[in-house]
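For reference, the structure discussed in these notes is given below.
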There are 2 protein chains.
Amino acid sequence: MDRRRFMAGGAAGTVAATLAAPQLAHAQPRIRWRCPGSFPKSLDTLYGTQEHICRRVGEITEGAFQIQPFAPGEVVPALQVLDAAGQGSVECGYTAPYYYTGKDPSLAFGSCVPFGLNARQQFAWWHNGGGAQAMAPVFRDQGVHCLLAGNTGAQMGGWFRKEIRSVDDLRGLKFRIAGYAGDVLQKLGAVAQQLAGPDIYPALERGVVDGAEWVGPYDDEKLGFQRVAQYYYFPGWWEPGPSIAMVVNERAWEGLPAPFRAALETACHEGYIYMTGRYDAQNPPALRRLIASGTQLRQYPRDVIAACFRATQELYAELGARNARFKEIHAQWDRFRQDQQTWFRVVEDSFANSMAQVQPR
Amino acid sequence: MDRRRFMAGGAAGTVAATLAAPQLAHAQPRIRWRCPGSFPKSLDTLYGTQEHICRRVGEITEGAFQIQPFAPGEVVPALQVLDAAGQGSVECGYTAPYYYTGKDPSLAFGSCVPFGLNARQQFAWWHNGGGAQAMAPVFRDQGVHCLLAGNTGAQMGGWFRKEIRSVDDLRGLKFRIAGYAGDVLQKLGAVAQQLAGPDIYPALERGVVDGAEWVGPYDDEKLGFQRVAQYYYFPGWWEPGPSIAMVVNERAWEGLPAPFRAALETACHEGYIYMTGRYDAQNPPALRRLIASGTQLRQYPRDVIAACFRATQELYAELGARNARFKEIHAQWDRFRQDQQTWFRVVEDSFANSMAQVQPR
């Protein structure tokens, strides 16, 4: 589809009115957008934030800018949201950029990479550490402008039918996983698969995969993983702070009046922290319920973490050797990450570890 | 001043026009508010976020709702912002609620209390853990509606001229500190003082105080503490995640058209995470500069932390015995806090500690 067409009132976008009497405050055209997403309606965390952002934009603009959220399959399939927004068959979409590393490896930095940044550091990198500037050409190549619009916080390390006692236990394991962690696990002998949220449980139940990760207790409980796998691992070293993005068709973004652009940006940034808030409040009681119903919590052994870290650094070197832009972004990002991790150790982790000493649980 | 007066166009608030043609998109009256704050213009983190929020509201509403930021002393003194907003001499203010615990002890939960929540947990408590509902009557008693509108992240544990090797070293120490940490330190023999940001350096230089805390490397460096004190401590157990608030005069809030209310809310919530982003990006290089110029980084000894934790619990019991509402809010907040700290230990701290193992610095 011609990207310009919908801006002129094509099938996807509707500029219903362009009345603007300059002496009146805030007279803006009515604009309607469609926003398909990658996350099922059953997840009030992920889909709930998509809805929240769309509702907020409507509230702020008094209905002059309306964005309608859609669940996977209603307009486009879960893992084709970026394509649809880039091609202009919809104006925007709500998805995780690391689903699309097949198109461009650098897209991973738009969500999260293994042993990377936590939720707060990711926002800091993007807005104050050169991330948005570094990533703009990457998203432009996909035909979109990217706004950070959610973050799950650090995720759990997945569900397994058998315990992972050593690196050997990863060999031959069929595991559902998103992003580059799959490639890391493949280096250690596992077989990685990427499946959309709703497809994971059936695959786990039928034995198509031996293990799977999704997000954390609250979402995972809803998807039912605890019924088919007993061991629940932490930390989720591959997803310390995956951000979710609002990807906006580039021409739609450029054509958007400045106040609506500001409204969408602020709503997305509010969504970023609203999502961590929802997860933080809901995960602890969900984890208690899971444990009460038989889930066994396990920490990855140190040597497994160390092997995964080494394999991750190998992967970054390989990706960088094949793709100069990935190498450049990774180098810039990695300097920021090392600074963040050193600083958080001084100020955040030292407090958390002090609390663990004075109030052990 | 009569709180209603400015809503009708008094000295403080100006409703310049009320034209609203219903067939036009987003026709809203032009509203101008004044927003004094507690933080000096030299701090682009704190004052910068106040400015950012005001600018955003203007952008989103296409200038129909304008909020003008002021530095301390321009309209009201730094530590009288809540009073001014509550009394209606200004429509809103940008401040830290724990500056005002003399008026009501529960106001502390609007920023942070010792051994409390981190930045993300504070937002989660407020919006998803019952915090906003619990705190609404507390702020209503002050004549304001409170929006979370910034957070510094965990702070450092302050500057000292002498090392703190044991609890004994706190005896007789004159220390600038905000919030309830001052009362905790007084229990251990220190003499606590609350001073606004710009007043700290002169007090430290003249020996009016022996030590002082403000925020962290980036702000502290600007205020010049490293020139008069050598030892820089962590963790800042009294401020693991202090939030900054936009306090809005209650009648001004109620009289605000719904789209402007939504605009102000989203801008404040964006400000919350913009502020952590600014601090996170600026603090690591500032800490490096401080260390390069002679600052000695020190960790509080375990027994000092443990003594402070015990004194904090005593203080909460005393405050609760004197004030039933404090007791009730503290109990609700403390259940949430314990859940959060347990959950973060599993999912966030375990990742941070894994990183410290695979990549020690």
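Following the order of the structure tokens, chains are lettered A, B, ..., residues in each are numbered from 1, and ligands are numbered from 1.
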Distance query Thr45 (chain B) at most 8 Å, only C-alpha atoms, self and fewer than 3 positions along chain excluded, as a PyMOL selection string: chain B and resi 48-49+219+275+278-279
Could I get chain B fitted onto chain A (least squares, all C-alpha atoms, in order) as a CSV table (one decimal) with C-alpha atoms, in the first residue's frame?
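File produced: superposed_28.csv:
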```csv
chain,number,residue,atom,x,y,z
B,1,MET,CA,-0.2,-0.2,0.0
B,2,ASP,CA,1.0,3.3,-0.8
B,3,ARG,CA,2.2,4.8,2.5
B,4,ARG,CA,0.8,8.2,1.5
B,5,ARG,CA,-2.6,6.9,0.8
B,6,PHE,CA,-3.9,6.6,4.3
B,7,MET,CA,-2.7,10.0,5.2
B,8,ALA,CA,-5.0,11.4,2.6
B,9,GLY,CA,-7.9,9.4,4.1
B,10,GLY,CA,-7.3,5.8,2.8
B,11,ALA,CA,-8.6,2.6,4.3
B,12,ALA,CA,-6.4,2.7,7.4
B,13,GLY,CA,-6.3,6.3,8.5
B,14,THR,CA,-9.2,8.7,8.6
B,15,VAL,CA,-8.7,12.4,8.8
B,16,ALA,CA,-12.3,13.2,9.5
B,17,ALA,CA,-12.1,16.9,9.7
B,18,THR,CA,-9.4,19.6,9.4
B,19,LEU,CA,-11.3,22.5,10.8
B,20,ALA,CA,-8.9,24.8,12.6
B,21,ALA,CA,-9.9,28.3,13.6
B,22,PRO,CA,-6.7,29.9,14.8
B,23,GLN,CA,-8.4,32.1,17.4
B,24,LEU,CA,-9.8,29.1,19.2
B,25,ALA,CA,-7.7,27.1,21.7
B,26,HIS,CA,-6.6,23.7,20.5
B,27,ALA,CA,-8.6,23.3,17.3
B,28,GLN,CA,-7.1,20.2,15.7
B,29,PRO,CA,-8.3,17.8,13.0
B,30,ARG,CA,-10.0,14.6,14.2
B,31,ILE,CA,-7.7,11.7,13.5
B,32,ARG,CA,-8.4,8.0,13.9
B,33,TRP,CA,-5.6,5.4,14.0
B,34,ARG,CA,-5.6,1.7,14.4
B,35,CYS,CA,-3.1,0.0,16.7
B,36,PRO,CA,-2.7,-3.7,16.5
B,37,GLY,CA,-0.6,-5.4,19.1
B,38,SER,CA,1.3,-8.6,19.8
B,39,PHE,CA,-0.3,-9.4,23.1
B,40,PRO,CA,-3.5,-11.3,23.9
B,41,LYS,CA,-6.4,-9.5,25.7
B,42,SER,CA,-6.2,-11.9,28.6
B,43,LEU,CA,-3.0,-10.2,29.7
B,44,ASP,CA,-4.1,-7.0,31.4
B,45,THR,CA,-0.5,-6.1,31.9
B,46,LEU,CA,0.7,-6.0,28.3
B,47,TYR,CA,-2.6,-5.6,26.4
B,48,GLY,CA,-3.9,-3.5,29.3
B,49,THR,CA,-1.1,-0.9,28.8
B,50,GLN,CA,-1.7,-0.8,25.1
B,51,GLU,CA,-5.4,0.0,25.9
B,52,HIS,CA,-4.3,2.5,28.6
B,53,ILE,CA,-2.1,4.4,26.1
B,54,CYS,CA,-4.8,4.6,23.5
B,55,ARG,CA,-7.4,5.8,26.1
B,56,ARG,CA,-5.0,8.4,27.4
B,57,VAL,CA,-4.4,9.9,24.0
B,58,GLY,CA,-8.2,10.2,23.5
B,59,GLU,CA,-8.7,11.8,27.0
B,60,ILE,CA,-5.9,14.3,26.5
B,61,THR,CA,-7.0,15.4,23.1
B,62,GLU,CA,-10.7,15.3,24.1
B,63,GLY,CA,-11.3,12.6,21.5
B,64,ALA,CA,-9.8,14.6,18.6
B,65,PHE,CA,-7.1,11.9,18.3
B,66,GLN,CA,-8.4,8.4,18.7
B,67,ILE,CA,-6.3,5.3,18.6
B,68,GLN,CA,-8.1,1.9,18.6
B,69,PRO,CA,-6.2,-1.0,20.1
B,70,PHE,CA,-6.5,-4.5,18.5
B,71,ALA,CA,-5.4,-7.9,19.8
B,72,PRO,CA,-3.3,-10.3,17.7
B,73,GLY,CA,-5.2,-11.6,14.7
B,74,GLU,CA,-7.9,-9.0,14.7
B,75,VAL,CA,-6.0,-6.9,12.2
B,76,VAL,CA,-2.6,-8.6,11.8
B,77,PRO,CA,-0.9,-11.6,13.4
B,78,ALA,CA,1.0,-11.1,16.6
B,79,LEU,CA,4.5,-11.2,15.1
B,80,GLN,CA,3.7,-9.0,12.0
B,81,VAL,CA,2.9,-5.8,13.8
B,82,LEU,CA,6.1,-4.0,12.8
B,83,ASP,CA,5.6,-5.0,9.2
B,84,ALA,CA,2.0,-3.7,9.2
B,85,ALA,CA,3.0,-0.3,10.7
B,86,GLY,CA,6.1,0.0,8.5
B,87,GLN,CA,4.1,-0.7,5.3
B,88,GLY,CA,1.3,1.6,6.4
B,89,SER,CA,-1.5,-0.8,6.4
B,90,VAL,CA,-2.0,0.5,10.0
B,91,GLU,CA,-0.7,3.8,11.4
B,92,CYS,CA,0.9,2.3,14.5
B,93,GLY,CA,1.4,-1.0,16.5
B,94,TYR,CA,2.3,-2.2,20.0
B,95,THR,CA,5.0,-4.8,20.0
B,96,ALA,CA,8.4,-5.9,21.2
B,97,PRO,CA,11.1,-4.9,18.7
B,98,TYR,CA,13.2,-8.0,19.5
B,99,TYR,CA,10.6,-10.1,17.8
B,100,TYR,CA,12.0,-8.8,14.5
B,101,THR,CA,15.7,-9.3,14.7
B,102,GLY,CA,15.4,-11.5,11.5
B,103,LYS,CA,14.9,-8.2,9.7
B,104,ASP,CA,17.8,-6.3,11.5
B,105,PRO,CA,19.8,-7.5,14.4
B,106,SER,CA,20.0,-4.0,16.0
B,107,LEU,CA,16.2,-4.0,16.6
B,108,ALA,CA,16.9,-6.1,19.7
B,109,PHE,CA,18.2,-2.9,21.5
B,110,GLY,CA,14.7,-1.6,21.2
B,111,SER,CA,13.6,-4.2,23.7
B,112,CYS,CA,16.4,-5.8,25.5
B,113,VAL,CA,19.3,-8.1,25.0
B,114,PRO,CA,20.8,-10.9,27.2
B,115,PHE,CA,22.8,-9.6,30.2
B,116,GLY,CA,21.6,-6.1,29.3
B,117,LEU,CA,19.9,-3.1,30.9
B,118,ASN,CA,17.2,-3.1,33.5
B,119,ALA,CA,13.9,-1.3,33.0
B,120,ARG,CA,15.1,2.1,34.4
B,121,GLN,CA,18.5,1.9,32.6
B,122,GLN,CA,16.8,1.1,29.3
B,123,PHE,CA,14.7,4.3,29.6
B,124,ALA,CA,17.9,6.3,30.6
B,125,TRP,CA,19.9,4.9,27.7
B,126,TRP,CA,17.1,5.7,25.2
B,127,HIS,CA,16.4,9.3,26.4
B,128,ASN,CA,19.6,10.4,28.1
B,129,GLY,CA,22.3,8.1,26.9
B,130,GLY,CA,22.1,8.4,23.1
B,131,GLY,CA,19.9,5.4,22.5
B,132,ALA,CA,17.1,7.1,20.7
B,133,GLN,CA,19.5,8.8,18.3
B,134,ALA,CA,21.4,5.6,17.7
B,135,MET,CA,18.3,3.6,17.1
B,136,ALA,CA,16.4,6.1,14.9
B,137,PRO,CA,18.0,4.9,11.6
B,138,VAL,CA,17.3,1.3,12.5
B,139,PHE,CA,13.6,1.9,12.9
B,140,ARG,CA,13.5,4.3,10.0
B,141,ASP,CA,14.7,1.4,7.8
B,142,GLN,CA,11.6,-0.4,8.9
B,143,GLY,CA,9.4,2.6,8.0
B,144,VAL,CA,8.6,3.5,11.6
B,145,HIS,CA,9.3,5.9,14.4
B,146,CYS,CA,9.8,4.1,17.8
B,147,LEU,CA,8.5,5.2,21.1
B,148,LEU,CA,9.2,3.3,24.3
B,149,ALA,CA,5.8,2.4,25.7
B,150,GLY,CA,6.1,-0.3,28.3
B,151,ASN,CA,8.5,-2.4,30.2
B,152,THR,CA,7.8,-5.7,32.0
B,153,GLY,CA,10.7,-5.3,34.5
B,154,ALA,CA,13.2,-8.2,34.9
B,155,GLN,CA,11.6,-11.4,33.8
B,156,MET,CA,11.8,-14.9,35.3
B,157,GLY,CA,14.1,-17.5,33.7
B,158,GLY,CA,11.4,-19.8,32.4
B,159,TRP,CA,9.6,-23.1,33.1
B,160,PHE,CA,11.2,-26.5,32.8
B,161,ARG,CA,10.0,-30.1,33.2
B,162,LYS,CA,13.4,-31.1,34.5
B,163,GLU,CA,15.8,-29.3,36.8
B,164,ILE,CA,18.8,-27.5,35.1
B,165,ARG,CA,21.7,-28.6,37.3
B,166,SER,CA,24.5,-27.9,34.8
B,167,VAL,CA,25.2,-26.7,31.3
B,168,ASP,CA,24.9,-30.3,30.1
B,169,ASP,CA,21.2,-30.2,31.0
B,170,LEU,CA,20.6,-27.6,28.3
B,171,ARG,CA,21.8,-30.0,25.5
B,172,GLY,CA,18.9,-31.0,23.2
B,173,LEU,CA,16.4,-29.1,25.2
B,174,LYS,CA,13.6,-27.6,23.0
B,175,PHE,CA,12.8,-24.2,24.5
B,176,ARG,CA,10.4,-21.4,23.6
B,177,ILE,CA,12.3,-18.1,24.0
B,178,ALA,CA,12.2,-14.6,22.5
B,179,GLY,CA,15.1,-12.5,21.1
B,180,TYR,CA,18.8,-13.4,21.1
B,181,ALA,CA,18.7,-15.6,24.2
B,182,GLY,CA,17.6,-18.3,21.8
B,183,ASP,CA,20.8,-18.0,19.9
B,184,VAL,CA,22.8,-18.0,23.1
B,185,LEU,CA,21.0,-21.2,24.2
B,186,GLN,CA,21.7,-22.8,20.8
B,187,LYS,CA,25.4,-22.2,21.3
B,188,LEU,CA,25.0,-24.3,24.5
B,189,GLY,CA,23.2,-27.1,22.7
B,190,ALA,CA,19.5,-26.2,23.2
B,191,VAL,CA,17.0,-25.8,20.4
B,192,ALA,CA,15.3,-22.5,20.5
B,193,GLN,CA,11.8,-21.6,19.2
B,194,GLN,CA,10.0,-18.3,19.0
B,195,LEU,CA,6.2,-18.6,19.6
B,196,ALA,CA,3.6,-15.9,20.2
B,197,GLY,CA,2.1,-15.8,23.8
B,198,PRO,CA,-1.1,-17.8,23.1
B,199,ASP,CA,0.8,-20.6,21.2
B,200,ILE,CA,3.1,-21.5,24.0
B,201,TYR,CA,0.9,-23.5,26.3
B,202,PRO,CA,-0.3,-25.9,23.6
B,203,ALA,CA,3.3,-26.4,22.5
B,204,LEU,CA,4.4,-27.2,26.0
B,205,GLU,CA,1.4,-29.5,26.6
B,206,ARG,CA,1.9,-31.4,23.4
B,207,GLY,CA,5.7,-31.7,24.1
B,208,VAL,CA,6.6,-29.6,21.0
B,209,VAL,CA,8.8,-27.8,23.5
B,210,ASP,CA,10.4,-29.0,26.7
B,211,GLY,CA,10.4,-25.6,28.4
B,212,ALA,CA,9.3,-22.1,27.8
B,213,GLU,CA,9.6,-18.6,29.1
B,214,TRP,CA,7.1,-15.8,28.8
B,215,VAL,CA,7.3,-13.0,31.4
B,216,GLY,CA,6.8,-13.6,35.1
B,217,PRO,CA,4.4,-15.1,37.7
B,218,TYR,CA,1.3,-13.0,37.0
B,219,ASP,CA,1.2,-13.5,33.2
B,220,ASP,CA,2.7,-17.1,33.2
B,221,GLU,CA,0.0,-18.2,35.7
B,222,LYS,CA,-2.7,-17.0,33.3
B,223,LEU,CA,-1.1,-18.8,30.4
B,224,GLY,CA,-1.1,-22.0,32.6
B,225,PHE,CA,2.5,-23.1,32.3
B,226,GLN,CA,2.5,-24.3,35.9
B,227,ARG,CA,0.1,-27.1,34.9
B,228,VAL,CA,2.6,-28.6,32.5
B,229,ALA,CA,6.0,-27.8,34.0
B,230,GLN,CA,7.2,-27.8,37.6
B,231,TYR,CA,10.5,-25.9,37.8
B,232,TYR,CA,10.5,-22.1,37.6
B,233,TYR,CA,13.9,-20.6,37.2
B,234,PHE,CA,15.4,-17.2,38.0
B,235,PRO,CA,17.1,-14.9,37.1
B,236,GLY,CA,15.9,-14.2,33.6
B,237,TRP,CA,19.4,-13.3,32.5
B,238,TRP,CA,18.1,-12.8,28.9
B,239,GLU,CA,15.5,-10.2,29.8
B,240,PRO,CA,16.5,-7.9,32.7
B,241,GLY,CA,14.3,-5.1,31.4
B,242,PRO,CA,12.5,-5.7,28.1
B,243,SER,CA,10.8,-2.6,26.8
B,244,ILE,CA,7.7,-2.7,24.6
B,245,ALA,CA,7.4,-0.2,21.8
B,246,MET,CA,4.8,1.9,20.0
B,247,VAL,CA,6.0,1.7,16.4
B,248,VAL,CA,4.5,4.5,14.4
B,249,ASN,CA,4.5,4.6,10.6
B,250,GLU,CA,7.0,7.2,9.7
B,251,ARG,CA,4.8,9.2,7.4
B,252,ALA,CA,1.9,9.0,9.9
B,253,TRP,CA,4.3,10.3,12.6
B,254,GLU,CA,5.6,13.2,10.4
B,255,GLY,CA,2.0,14.1,9.4
B,256,LEU,CA,0.8,14.2,13.0
B,257,PRO,CA,0.1,17.7,14.4
B,258,ALA,CA,2.7,18.6,17.1
B,259,PRO,CA,0.2,18.6,20.0
B,260,PHE,CA,-0.9,15.1,19.1
B,261,ARG,CA,2.7,13.9,18.7
B,262,ALA,CA,3.4,15.3,22.2
B,263,ALA,CA,0.2,13.6,23.5
B,264,LEU,CA,1.2,10.2,22.1
B,265,GLU,CA,4.8,10.5,23.4
B,266,THR,CA,3.7,11.4,27.0
B,267,ALA,CA,1.1,8.7,27.0
B,268,CYS,CA,3.6,6.1,25.9
B,269,HIS,CA,6.1,7.2,28.5
B,270,GLU,CA,3.5,7.0,31.2
B,271,GLY,CA,2.6,3.6,29.8
B,272,TYR,CA,6.3,2.6,30.3
B,273,ILE,CA,6.1,3.0,34.1
B,274,TYR,CA,2.4,2.0,34.4
B,275,MET,CA,3.3,-1.4,33.0
B,276,THR,CA,6.1,-1.9,35.6
B,277,GLY,CA,3.7,-0.8,38.3
B,278,ARG,CA,1.1,-3.3,37.2
B,279,TYR,CA,3.6,-6.1,37.1
B,280,ASP,CA,5.3,-5.2,40.4
B,281,ALA,CA,1.9,-5.1,42.2
B,282,GLN,CA,0.6,-8.4,40.7
B,283,ASN,CA,3.7,-10.6,40.6
B,284,PRO,CA,4.3,-11.2,44.3
B,285,PRO,CA,0.8,-12.6,45.1
B,286,ALA,CA,0.9,-14.6,41.8
B,287,LEU,CA,4.3,-16.1,42.8
B,288,ARG,CA,2.9,-17.1,46.2
B,289,ARG,CA,-0.1,-18.8,44.5
B,290,LEU,CA,2.2,-20.7,42.2
B,291,ILE,CA,4.4,-21.9,45.0
B,292,ALA,CA,1.3,-22.9,47.1
B,293,SER,CA,0.1,-25.0,44.2
B,294,GLY,CA,3.4,-26.9,43.8
B,295,THR,CA,5.7,-24.8,41.6
B,296,GLN,CA,9.3,-25.3,42.6
B,297,LEU,CA,11.4,-22.1,42.5
B,298,ARG,CA,15.0,-22.6,41.4
B,299,GLN,CA,18.0,-20.4,40.9
B,300,TYR,CA,20.2,-21.0,37.8
B,301,PRO,CA,23.5,-22.5,38.9
B,302,ARG,CA,26.5,-20.1,38.8
B,303,ASP,CA,28.3,-22.1,36.1
B,304,VAL,CA,25.2,-22.0,33.8
B,305,ILE,CA,25.0,-18.2,34.2
B,306,ALA,CA,28.7,-17.9,33.5
B,307,ALA,CA,28.5,-20.1,30.4
B,308,CYS,CA,25.5,-18.1,29.1
B,309,PHE,CA,27.3,-14.9,29.7
B,310,ARG,CA,30.3,-16.1,27.7
B,311,ALA,CA,28.1,-17.4,24.9
B,312,THR,CA,26.3,-14.0,24.8
B,313,GLN,CA,29.6,-12.1,24.4
B,314,GLU,CA,30.5,-14.5,21.5
B,315,LEU,CA,27.2,-13.9,19.9
B,316,TYR,CA,27.6,-10.1,20.1
B,317,ALA,CA,31.1,-10.4,18.5
B,318,GLU,CA,29.6,-12.5,15.6
B,319,LEU,CA,26.7,-10.2,15.0
B,320,GLY,CA,29.0,-7.3,15.0
B,321,ALA,CA,31.4,-8.9,12.5
B,322,ARG,CA,28.4,-9.4,10.1
B,323,ASN,CA,26.7,-6.1,10.7
B,324,ALA,CA,28.7,-2.8,11.2
B,325,ARG,CA,25.7,-0.9,12.6
B,326,PHE,CA,25.1,-3.6,15.2
B,327,LYS,CA,28.7,-3.4,16.2
B,328,GLU,CA,28.6,0.4,16.5
B,329,ILE,CA,25.3,0.5,18.5
B,330,HIS,CA,26.5,-2.4,20.7
B,331,ALA,CA,29.8,-0.6,21.6
B,332,GLN,CA,28.0,2.6,22.5
B,333,TRP,CA,25.3,0.7,24.4
B,334,ASP,CA,27.9,-1.5,26.2
B,335,ARG,CA,29.8,1.5,27.6
B,336,PHE,CA,26.5,2.9,28.9
B,337,ARG,CA,25.6,-0.5,30.4
B,338,GLN,CA,28.9,-0.9,32.2
B,339,ASP,CA,28.6,2.5,33.7
B,340,GLN,CA,25.0,1.8,34.8
B,341,GLN,CA,25.8,-1.5,36.4
B,342,THR,CA,28.7,0.0,38.3
B,343,TRP,CA,26.6,2.9,39.5
B,344,PHE,CA,23.6,0.7,40.4
B,345,ARG,CA,25.9,-1.6,42.4
B,346,VAL,CA,27.0,1.4,44.5
B,347,VAL,CA,23.6,3.0,45.0
B,348,GLU,CA,20.7,0.6,44.3
B,349,ASP,CA,22.1,-2.9,44.8
B,350,SER,CA,23.9,-1.9,48.0
B,351,PHE,CA,20.6,-0.8,49.5
B,352,ALA,CA,18.8,-3.9,48.4
B,353,ASN,CA,21.5,-6.1,49.8
B,354,SER,CA,21.5,-4.1,53.1
B,355,MET,CA,17.7,-4.8,53.3
B,356,ALA,CA,18.4,-8.5,52.8
B,357,GLN,CA,20.7,-8.4,55.7
B,358,VAL,CA,18.6,-6.5,58.2
B,359,GLN,CA,15.4,-8.2,57.1
B,360,PRO,CA,16.1,-11.7,55.7
B,361,ARG,CA,13.1,-13.7,54.4
```
DSSP alpha helix (DSSP H) residues within region 101-260 of chain B, as a PyMOL selection string: chain B and resi 119-128+131-141+181-187+197-205+217-223+250-255+258-260
